[in-house]
>>> print(open('data.txt').read())   # compact mmCIF, C-alpha atoms
# COMPACT_ATOMS: atom_id res chain seq x y z
CA MET A 714 -16.60 9.12 2.55
CA SER A 715 -14.70 5.82 2.30
CA LYS A 716 -11.79 5.39 -0.09
CA LEU A 717 -9.95 2.43 -1.53
CA LEU A 718 -6.24 1.80 -1.03
CA VAL A 719 -5.48 -0.91 -3.58
CA PRO A 720 -2.30 -2.99 -3.33
CA TYR A 721 -2.39 -4.53 -6.79
CA TYR A 722 0.53 -6.86 -7.48
CA GLU A 723 0.03 -7.89 -11.10
CA HIS A 724 2.11 -6.87 -14.09
CA PRO A 725 0.36 -4.43 -16.46
CA ALA A 726 1.15 -6.68 -19.43
CA GLU A 727 -0.64 -9.60 -17.74
CA ARG A 728 -3.77 -7.78 -16.55
CA PRO A 729 -4.20 -4.60 -18.64
CA ASP A 730 -7.98 -4.70 -18.10
CA ALA A 731 -7.55 -4.55 -14.33
CA TRP A 732 -5.19 -1.59 -14.55
CA GLU A 733 -7.71 0.17 -16.81
CA ALA A 734 -10.34 -0.45 -14.15
CA LEU A 735 -8.11 1.14 -11.51
CA ILE A 736 -7.51 4.21 -13.65
CA ALA A 737 -11.25 4.55 -14.28
CA ALA A 738 -11.90 4.30 -10.52
CA ALA A 739 -9.68 7.29 -9.74
CA PRO A 740 -12.35 9.32 -7.86
CA TRP A 741 -12.86 6.50 -5.32
CA LEU A 742 -9.19 5.76 -4.65
CA TYR A 743 -7.03 6.82 -1.73
CA GLY A 744 -4.15 5.35 -3.70
CA VAL A 745 -2.62 2.41 -5.54
CA VAL A 746 0.43 0.49 -4.34
CA LEU A 747 2.97 -0.17 -7.09
CA ASN A 748 5.02 -3.34 -6.56
CA PRO A 749 7.04 -4.26 -9.68
CA ALA A 750 9.37 -6.83 -8.05
CA SER A 751 8.61 -7.20 -4.33
CA GLY A 752 9.77 -3.61 -4.27
CA ALA A 753 11.18 -1.31 -6.94
CA GLY A 754 13.37 -4.01 -8.49
CA SER A 755 16.89 -3.67 -9.83
CA SER A 756 15.99 -1.69 -12.96
CA PRO A 757 13.00 0.29 -14.27
CA ASP A 758 10.06 -1.59 -15.79
CA GLU A 759 8.62 0.34 -18.74
CA ALA A 760 5.14 -1.14 -18.34
CA PHE A 761 4.92 -0.11 -14.71
CA ALA A 762 6.30 3.33 -15.52
CA ALA A 763 3.61 3.82 -18.17
CA VAL A 764 0.74 2.74 -15.92
CA ALA A 765 2.08 4.83 -13.04
CA ALA A 766 2.14 7.89 -15.28
CA ARG A 767 -1.46 7.25 -16.33
CA LEU A 768 -2.57 6.83 -12.72
CA CYS A 769 -0.85 10.09 -11.78
CA SER A 770 -2.48 11.88 -14.71
CA ALA A 771 -5.87 10.62 -13.49
CA GLY A 772 -5.20 12.15 -10.08
CA VAL A 773 -4.42 8.88 -8.29
CA ARG A 774 -1.89 8.82 -5.45
CA VAL A 775 0.74 6.20 -6.37
CA LEU A 776 2.77 4.57 -3.59
CA GLY A 777 5.90 2.47 -3.94
CA TYR A 778 6.03 -0.82 -2.06
CA VAL A 779 8.98 -1.19 0.34
CA ASP A 780 9.42 -3.99 2.89
CA THR A 781 10.91 -3.01 6.26
CA ALA A 782 11.07 -6.52 7.83
CA TYR A 783 9.51 -5.19 11.07
CA GLY A 784 12.36 -2.74 11.57
CA ARG A 785 15.16 -5.24 10.90
CA ARG A 786 16.00 -4.05 7.40
CA PRO A 787 18.88 -1.53 7.26
CA PRO A 788 17.27 1.90 6.99
CA GLN A 789 19.62 3.01 4.22
CA ASP A 790 18.31 0.13 2.07
CA VAL A 791 14.71 1.22 2.68
CA VAL A 792 15.52 4.82 1.76
CA ARG A 793 17.40 3.78 -1.39
CA GLU A 794 14.51 1.63 -2.55
CA ALA A 795 12.04 4.45 -1.94
CA ALA A 796 14.28 6.73 -3.99
CA ARG A 797 14.25 4.23 -6.88
CA HIS A 798 10.46 4.17 -6.82
CA ARG A 799 10.45 7.96 -7.03
CA ALA A 800 13.06 8.17 -9.80
CA TRP A 801 11.63 5.37 -11.97
CA TYR A 802 7.88 5.62 -11.37
CA GLY A 803 7.22 9.14 -10.09
CA VAL A 804 5.41 7.86 -7.00
CA HIS A 805 3.88 10.22 -4.44
CA GLY A 806 5.07 8.25 -1.44
CA VAL A 807 5.74 4.86 0.09
CA PHE A 808 3.75 1.88 1.31
CA LEU A 809 5.94 0.40 4.01
CA ASP A 810 5.15 -3.28 4.56
CA GLN A 811 5.85 -5.49 7.56
CA VAL A 812 5.93 -2.53 9.90
CA ALA A 813 6.49 -3.09 13.62
CA THR A 814 3.77 -2.32 16.16
CA SER A 815 5.80 -1.79 19.34
CA ALA A 816 7.05 1.47 20.82
CA ASP A 817 10.63 0.16 20.65
CA GLN A 818 10.72 0.64 16.87
CA LEU A 819 9.24 4.15 16.79
CA PRO A 820 12.66 5.84 16.36
CA TYR A 821 13.48 3.58 13.37
CA TYR A 822 10.31 4.62 11.52
CA ALA A 823 10.52 8.27 12.57
CA ASP A 824 14.03 8.40 11.10
CA LEU A 825 12.77 6.80 7.89
CA ARG A 826 10.06 9.43 7.52
CA ALA A 827 12.61 12.21 8.01
CA ALA A 828 14.92 10.61 5.42
CA PHE A 829 12.09 10.33 2.87
CA PHE A 830 11.31 14.01 3.22
CA ALA A 831 14.99 14.84 2.82
CA THR A 832 15.15 12.72 -0.36
CA TYR A 833 11.94 13.63 -2.17
CA ASP A 834 11.35 17.07 -3.65
CA THR A 835 7.63 17.13 -2.75
CA TYR A 836 5.41 15.97 0.11
CA VAL A 837 5.77 12.26 0.80
CA THR A 838 2.72 10.18 1.73
CA VAL A 839 3.81 7.49 4.19
CA VAL A 840 1.52 4.48 4.65
CA LEU A 841 2.50 2.04 7.40
CA ASN A 842 1.24 -1.53 7.04
CA HIS A 843 1.31 -2.94 10.55
CA GLY A 844 -1.43 -5.46 9.84
CA ALA A 845 -2.47 -5.13 13.50
CA GLN A 846 -3.16 -2.37 16.01
CA PRO A 847 0.12 -0.46 16.59
CA HIS A 848 1.38 1.74 19.40
CA PRO A 849 -0.38 5.14 19.26
CA GLY A 850 2.95 6.85 18.54
CA TYR A 851 2.89 5.61 14.95
CA ALA A 852 0.06 8.02 14.18
CA ARG A 853 2.68 10.79 14.27
CA ILE A 854 4.79 8.99 11.65
CA GLY A 855 2.35 7.59 9.10
CA ASP A 856 -0.27 9.46 7.11
CA LEU A 857 -2.27 6.23 7.07
CA LEU A 858 -1.96 3.18 9.33
CA VAL A 859 -3.02 -0.29 8.17
CA THR A 860 -4.28 -1.79 11.41
CA PHE A 861 -5.68 -5.01 9.96
CA GLU A 862 -4.47 -7.26 7.16
CA GLY A 863 -5.86 -10.76 6.94
CA PRO A 864 -8.67 -13.01 5.75
CA TRP A 865 -12.35 -12.14 5.92
CA SER A 866 -12.84 -15.12 8.24
CA ALA A 867 -10.66 -13.37 10.84
CA TYR A 868 -11.86 -9.80 10.23
CA ARG A 869 -12.45 -8.64 13.78
CA PRO A 870 -10.33 -5.48 14.01
CA THR A 871 -9.49 -4.06 17.42
CA GLY A 872 -9.01 -0.45 18.36
CA PRO A 873 -10.69 2.64 16.94
CA ALA A 874 -11.03 2.99 13.16
CA GLY A 875 -10.06 6.65 12.96
CA PRO A 876 -9.91 8.73 9.78
CA ASP A 877 -6.29 7.69 9.17
CA THR A 878 -6.95 3.95 9.50
CA CYS A 879 -6.98 1.33 6.75
CA HIS A 880 -8.02 -2.35 6.67
CA LEU A 881 -6.82 -4.80 4.00
CA VAL A 882 -8.99 -7.91 3.80
CA TYR A 883 -8.77 -10.87 1.44
CA GLY A 884 -11.15 -13.74 0.81
CA ALA A 885 -14.02 -11.26 1.15
CA PRO A 886 -17.49 -12.02 -0.23
CA PRO A 887 -19.20 -9.57 -2.63
CA ASP A 888 -21.39 -8.12 0.15
CA ALA A 889 -18.52 -7.58 2.61
CA VAL A 890 -18.50 -4.23 4.42
CA ALA A 891 -15.33 -2.59 5.66
CA GLN A 892 -15.00 -1.16 9.17
CA ALA A 893 -12.42 1.50 8.28
CA PRO A 894 -12.69 4.68 6.19
CA VAL A 895 -9.85 3.52 3.93
CA HIS A 896 -9.88 -0.12 2.93
CA CYS A 897 -9.48 -2.83 0.32
CA LEU A 898 -11.63 -5.97 0.43
CA VAL A 899 -10.72 -8.43 -2.32
CA PRO A 900 -11.95 -11.92 -3.25
CA GLY A 901 -8.43 -13.33 -3.71
CA GLN A 902 -6.95 -15.91 -1.37
CA LEU A 903 -3.46 -16.85 -0.20
CA PRO A 904 -0.81 -17.21 -1.50
CA HIS A 905 -1.56 -14.24 -3.79
CA PRO A 906 -4.63 -12.32 -2.62
CA TRP A 907 -3.43 -8.98 -3.98
CA GLY A 908 -3.64 -10.24 -7.53
CA THR A 909 -7.35 -9.42 -7.46
CA LEU A 910 -9.21 -6.13 -7.24
CA PRO A 911 -12.12 -5.24 -4.97
CA HIS A 912 -15.36 -6.81 -6.21
CA ARG A 913 -16.76 -3.59 -7.63
CA LEU A 914 -13.59 -2.95 -9.65
CA GLU A 915 -12.68 -6.45 -10.83
CA PRO A 916 -13.39 -6.67 -14.60
CA VAL A 917 -15.95 -9.24 -15.65
CA SER A 918 -14.28 -11.92 -17.76
>>> encode(input="data.txt", output="C-alpha cells")
Amino acid sequence: MSKLLVPYYEHPAERPDAWEALIAAAPWLYGVVLNPASGAGSSPDEAFAAVAARLCSAGVRVLGYVDTAYGRRPPQDVVREAARHRAWYGVHGVFLDQVATSADQLPYYADLRAAFFATYDTYVTVVLNHGAQPHPGYARIGDLLVTFEGPWSAYRPTGPAGPDTCHLVYGAPPDAVAQAPVHCLVPGQLPHPWGTLPHRLEPVS
C-alpha cells in the first residue's frame, strides 16, 4: 500500500487548515517533514512544537529537516541540528536533504547515522533525499531513499522503485500517479513547491 511522505514547509500560524488536513490524514502518511527555519532554527518555535505534538499523538512519524550540502557540511553541525529537532519538537528521525549519490560519500553518511543513534534515545528513522538514483550502498544507511525530486514534466525516474524508495514531484496534475510506494505529488511550483499539499489533502478554499 502506498504512503505519503509530506515535506510541508509552511508555518502553522499561516496555514492551520493545511496542518489540520495532515493530522486527519494520519493513516495514509509515511511521515511529515518539519522545517521551521530551513532546519531546526536557532530557538524553539511554539507553533511548530504544538503541531508536532499533535502529529505524534495521531501516530504520524515526524522528521526534522537537515541540509547536508551533498556531504560538504561539517558532520558535527548536522548532528547538532538533528539533536535540536529532537529536543524541541520530539521528532522520530531526520530528513537529510541534498544528499550525495556517489560511493565516495558513503562513509560520511554512515557516520552520521551512527551519530544519530548515539544521540537519540529511541530508534531514529533516517530519510535520505538524493533527488536522483544513488549508489546501492546508501540502502544500508537510509530507511527510505528519495530517488527522484523534480517537476512532473521531468518525472521519468530511473532504477527500481523498491519498497524503501520515495519520489517527490511538484507541478503535478490532479490525476498524476506516482511510481514509488512512498511519494508526494503536489501542485505547487518553484520557487516554493512544498508550500502545497498533495491534491487529495489540500483544503478547498
>>> residues_around(input="data.txt", residues="Ala852 of chain A", least_positions_apart="5", cutoff="10 Å", atoms="only C-alpha atoms", output="MDAnalysis selection string")
chainID A and resid 841 847 857:858 877:878
>>> atom_distance(input="data.txt", atom1="atom CA of Ala891 of chain A", atom2="atom CA of Gly855 of chain A")
20.7 Å
>>> residues_near_point(input="data.txt", point="(3.3, 5.9, -2.1)", cutoff="8 Å", atoms="all atoms listed in the file", output="ChimeraX atom specification")
/A:744-747,774-778,804-808,837-840
>>> write_last_selection(input="data.txt", atoms="C-alpha atoms", output="mmCIF file, in the coordinates of the input")
data_model
loop_
_atom_site.group_PDB
_atom_site.id
_atom_site.type_symbol
_atom_site.label_atom_id
_atom_site.label_comp_id
_atom_site.auth_asym_id
_atom_site.auth_seq_id
_atom_site.Cartn_x
_atom_site.Cartn_y
_atom_site.Cartn_z
ATOM 1 C CA GLY A 744 -4.150 5.350 -3.700
ATOM 2 C CA VAL A 745 -2.620 2.410 -5.540
ATOM 3 C CA VAL A 746 0.430 0.490 -4.340
ATOM 4 C CA LEU A 747 2.970 -0.170 -7.090
ATOM 5 C CA ARG A 774 -1.890 8.820 -5.450
ATOM 6 C CA VAL A 775 0.740 6.200 -6.370
ATOM 7 C CA LEU A 776 2.770 4.570 -3.590
ATOM 8 C CA GLY A 777 5.900 2.470 -3.940
ATOM 9 C CA TYR A 778 6.030 -0.820 -2.060
ATOM 10 C CA VAL A 804 5.410 7.860 -7.000
ATOM 11 C CA HIS A 805 3.880 10.220 -4.440
ATOM 12 C CA GLY A 806 5.070 8.250 -1.440
ATOM 13 C CA VAL A 807 5.740 4.860 0.090
ATOM 14 C CA PHE A 808 3.750 1.880 1.310
ATOM 15 C CA VAL A 837 5.770 12.260 0.800
ATOM 16 C CA THR A 838 2.720 10.180 1.730
ATOM 17 C CA VAL A 839 3.810 7.490 4.190
ATOM 18 C CA VAL A 840 1.520 4.480 4.650
#
>>> closest_residue(input="data.txt", among="A:Trp865, A:Asp810, A:Gly875, A:Pro870", to="Gly901 of chain A", atoms="only C-alpha atoms")
A:Trp865
>>> atom_distance(input="data.txt", atom1="atom CA of Thr909 of chain A", atom2="atom CA of Tyr721 of chain A")
7.0 Å
>>> residues_around(input="data.txt", residues="segment 754-759 of chain A", least_positions_apart="5", cutoff="10 Å", atoms="only C-alpha atoms", output="PyMOL selection string")
chain A and resi 724-725+748-749+764-765+794+797-798+800-802
>>> closest_residue(input="data.txt", among="A:Tyr822, A:Phe761, A:Tyr868, A:Tyr833", to="Ile854 of chain A", atoms="all atoms listed in the file")
A:Tyr822
>>> closest_residue(input="data.txt", among="A:Gly908, A:Leu898, A:Val859, A:Pro788", to="Arg826 of chain A", atoms="all atoms listed in the file")
A:Pro788
>>> closest_residue(input="data.txt", among="A:Gln846, A:Glu862, A:Arg793, A:Tyr783", to="Leu819 of chain A", atoms="all atoms listed in the file")
A:Tyr783
>>> closest_residue(input="data.txt", among="A:Pro873, A:Pro849, A:Pro887, A:Gly803", to="Phe861 of chain A", atoms="all atoms listed in the file")
A:Pro873
>>> atom_distance(input="data.txt", atom1="atom CA of Leu735 of chain A", atom2="atom CA of His843 of chain A")
24.3 Å
>>> closest_residue(input="data.txt", among="A:Ala845, A:Ala831, A:Val882, A:Val792", to="Ser815 of chain A", atoms="all atoms listed in the file")
A:Ala845
>>> residues_around(input="data.txt", residues="Ala731 of chain A", least_positions_apart="5", cutoff="8 Å", atoms="all atoms listed in the file", output="PDB file with C-alpha atoms, keeping the file's coordinate frame")
ATOM      1  CA  LEU A 910      -9.210  -6.130  -7.240  1.00  0.00           C
ATOM      2  CA  LEU A 914     -13.590  -2.950  -9.650  1.00  0.00           C
ATOM      3  CA  GLU A 915     -12.680  -6.450 -10.830  1.00  0.00           C
ATOM      4  CA  PRO A 916     -13.390  -6.670 -14.600  1.00  0.00           C
TER       5      PRO A 916
END
>>> build_atoms(input="data.txt", residues="segment 727-738 of chain A", atoms="all heavy atoms", output="short mmCIF file (atom, residue, chain, number, x, y, z; two decimals), in the coordinates of the input")
data_model
loop_
_atom_site.label_atom_id
_atom_site.label_comp_id
_atom_site.auth_asym_id
_atom_site.auth_seq_id
_atom_site.Cartn_x
_atom_site.Cartn_y
_atom_site.Cartn_z
N GLU A 727 0.15 -8.41 -18.01
CA GLU A 727 -0.64 -9.60 -17.74
C GLU A 727 -2.11 -9.28 -17.50
O GLU A 727 -2.98 -10.08 -17.86
CB GLU A 727 -0.07 -10.34 -16.52
CG GLU A 727 1.35 -10.83 -16.69
CD GLU A 727 1.47 -11.91 -17.76
OE1 GLU A 727 0.51 -12.69 -17.93
OE2 GLU A 727 2.52 -11.95 -18.42
N ARG A 728 -2.39 -8.14 -16.87
CA ARG A 728 -3.77 -7.78 -16.55
C ARG A 728 -4.05 -6.33 -16.95
O ARG A 728 -4.38 -5.49 -16.11
CB ARG A 728 -4.03 -7.95 -15.05
CG ARG A 728 -4.11 -9.37 -14.54
CD ARG A 728 -5.34 -10.12 -15.06
NE ARG A 728 -6.59 -9.39 -14.88
CZ ARG A 728 -7.32 -9.38 -13.75
NH1 ARG A 728 -6.93 -10.05 -12.70
NH2 ARG A 728 -8.44 -8.70 -13.70
N PRO A 729 -3.94 -5.99 -18.24
CA PRO A 729 -4.20 -4.60 -18.64
C PRO A 729 -5.62 -4.15 -18.32
O PRO A 729 -5.84 -2.97 -18.00
CB PRO A 729 -3.93 -4.61 -20.14
CG PRO A 729 -4.07 -6.04 -20.55
CD PRO A 729 -3.60 -6.84 -19.39
N ASP A 730 -6.59 -5.08 -18.38
CA ASP A 730 -7.98 -4.70 -18.10
C ASP A 730 -8.15 -4.25 -16.65
O ASP A 730 -8.91 -3.32 -16.36
CB ASP A 730 -8.92 -5.86 -18.42
CG ASP A 730 -8.57 -7.14 -17.65
OD1 ASP A 730 -7.40 -7.28 -17.21
OD2 ASP A 730 -9.45 -8.01 -17.51
N ALA A 731 -7.45 -4.91 -15.74
CA ALA A 731 -7.55 -4.55 -14.33
C ALA A 731 -6.93 -3.18 -14.08
O ALA A 731 -7.47 -2.38 -13.31
CB ALA A 731 -6.88 -5.61 -13.47
N TRP A 732 -5.81 -2.91 -14.71
CA TRP A 732 -5.19 -1.59 -14.55
C TRP A 732 -6.08 -0.50 -15.14
O TRP A 732 -6.17 0.61 -14.59
CB TRP A 732 -3.80 -1.57 -15.16
CG TRP A 732 -2.80 -2.33 -14.32
CD1 TRP A 732 -2.36 -3.60 -14.50
CD2 TRP A 732 -2.16 -1.85 -13.14
NE1 TRP A 732 -1.48 -3.95 -13.51
CE2 TRP A 732 -1.34 -2.90 -12.66
CE3 TRP A 732 -2.19 -0.65 -12.44
CZ2 TRP A 732 -0.56 -2.77 -11.51
CZ3 TRP A 732 -1.42 -0.52 -11.29
CH2 TRP A 732 -0.61 -1.56 -10.84
N GLU A 733 -6.76 -0.80 -16.24
CA GLU A 733 -7.71 0.17 -16.81
C GLU A 733 -8.83 0.44 -15.82
O GLU A 733 -9.30 1.58 -15.67
CB GLU A 733 -8.28 -0.36 -18.12
CG GLU A 733 -7.28 -0.42 -19.27
CD GLU A 733 -6.78 0.96 -19.71
OE1 GLU A 733 -7.50 1.96 -19.49
OE2 GLU A 733 -5.68 1.03 -20.27
N ALA A 734 -9.28 -0.62 -15.14
CA ALA A 734 -10.34 -0.45 -14.15
C ALA A 734 -9.89 0.43 -12.99
O ALA A 734 -10.66 1.26 -12.48
CB ALA A 734 -10.80 -1.81 -13.63
N LEU A 735 -8.64 0.29 -12.58
CA LEU A 735 -8.11 1.14 -11.51
C LEU A 735 -8.05 2.60 -11.94
O LEU A 735 -8.41 3.50 -11.18
CB LEU A 735 -6.71 0.66 -11.11
CG LEU A 735 -6.63 -0.50 -10.13
CD1 LEU A 735 -5.19 -0.96 -9.97
CD2 LEU A 735 -7.21 -0.10 -8.78
N ILE A 736 -7.59 2.83 -13.15
CA ILE A 736 -7.51 4.21 -13.65
C ILE A 736 -8.90 4.82 -13.72
O ILE A 736 -9.11 5.99 -13.32
CB ILE A 736 -6.81 4.23 -15.01
CG1 ILE A 736 -5.33 3.83 -14.85
CG2 ILE A 736 -6.91 5.61 -15.65
CD1 ILE A 736 -4.63 3.48 -16.15
N ALA A 737 -9.88 4.05 -14.18
CA ALA A 737 -11.25 4.55 -14.28
C ALA A 737 -11.86 4.83 -12.91
O ALA A 737 -12.78 5.66 -12.79
CB ALA A 737 -12.11 3.54 -15.04
N ALA A 738 -11.36 4.14 -11.88
CA ALA A 738 -11.90 4.30 -10.52
C ALA A 738 -11.24 5.42 -9.75
O ALA A 738 -11.45 5.55 -8.54
CB ALA A 738 -11.76 2.99 -9.76
#
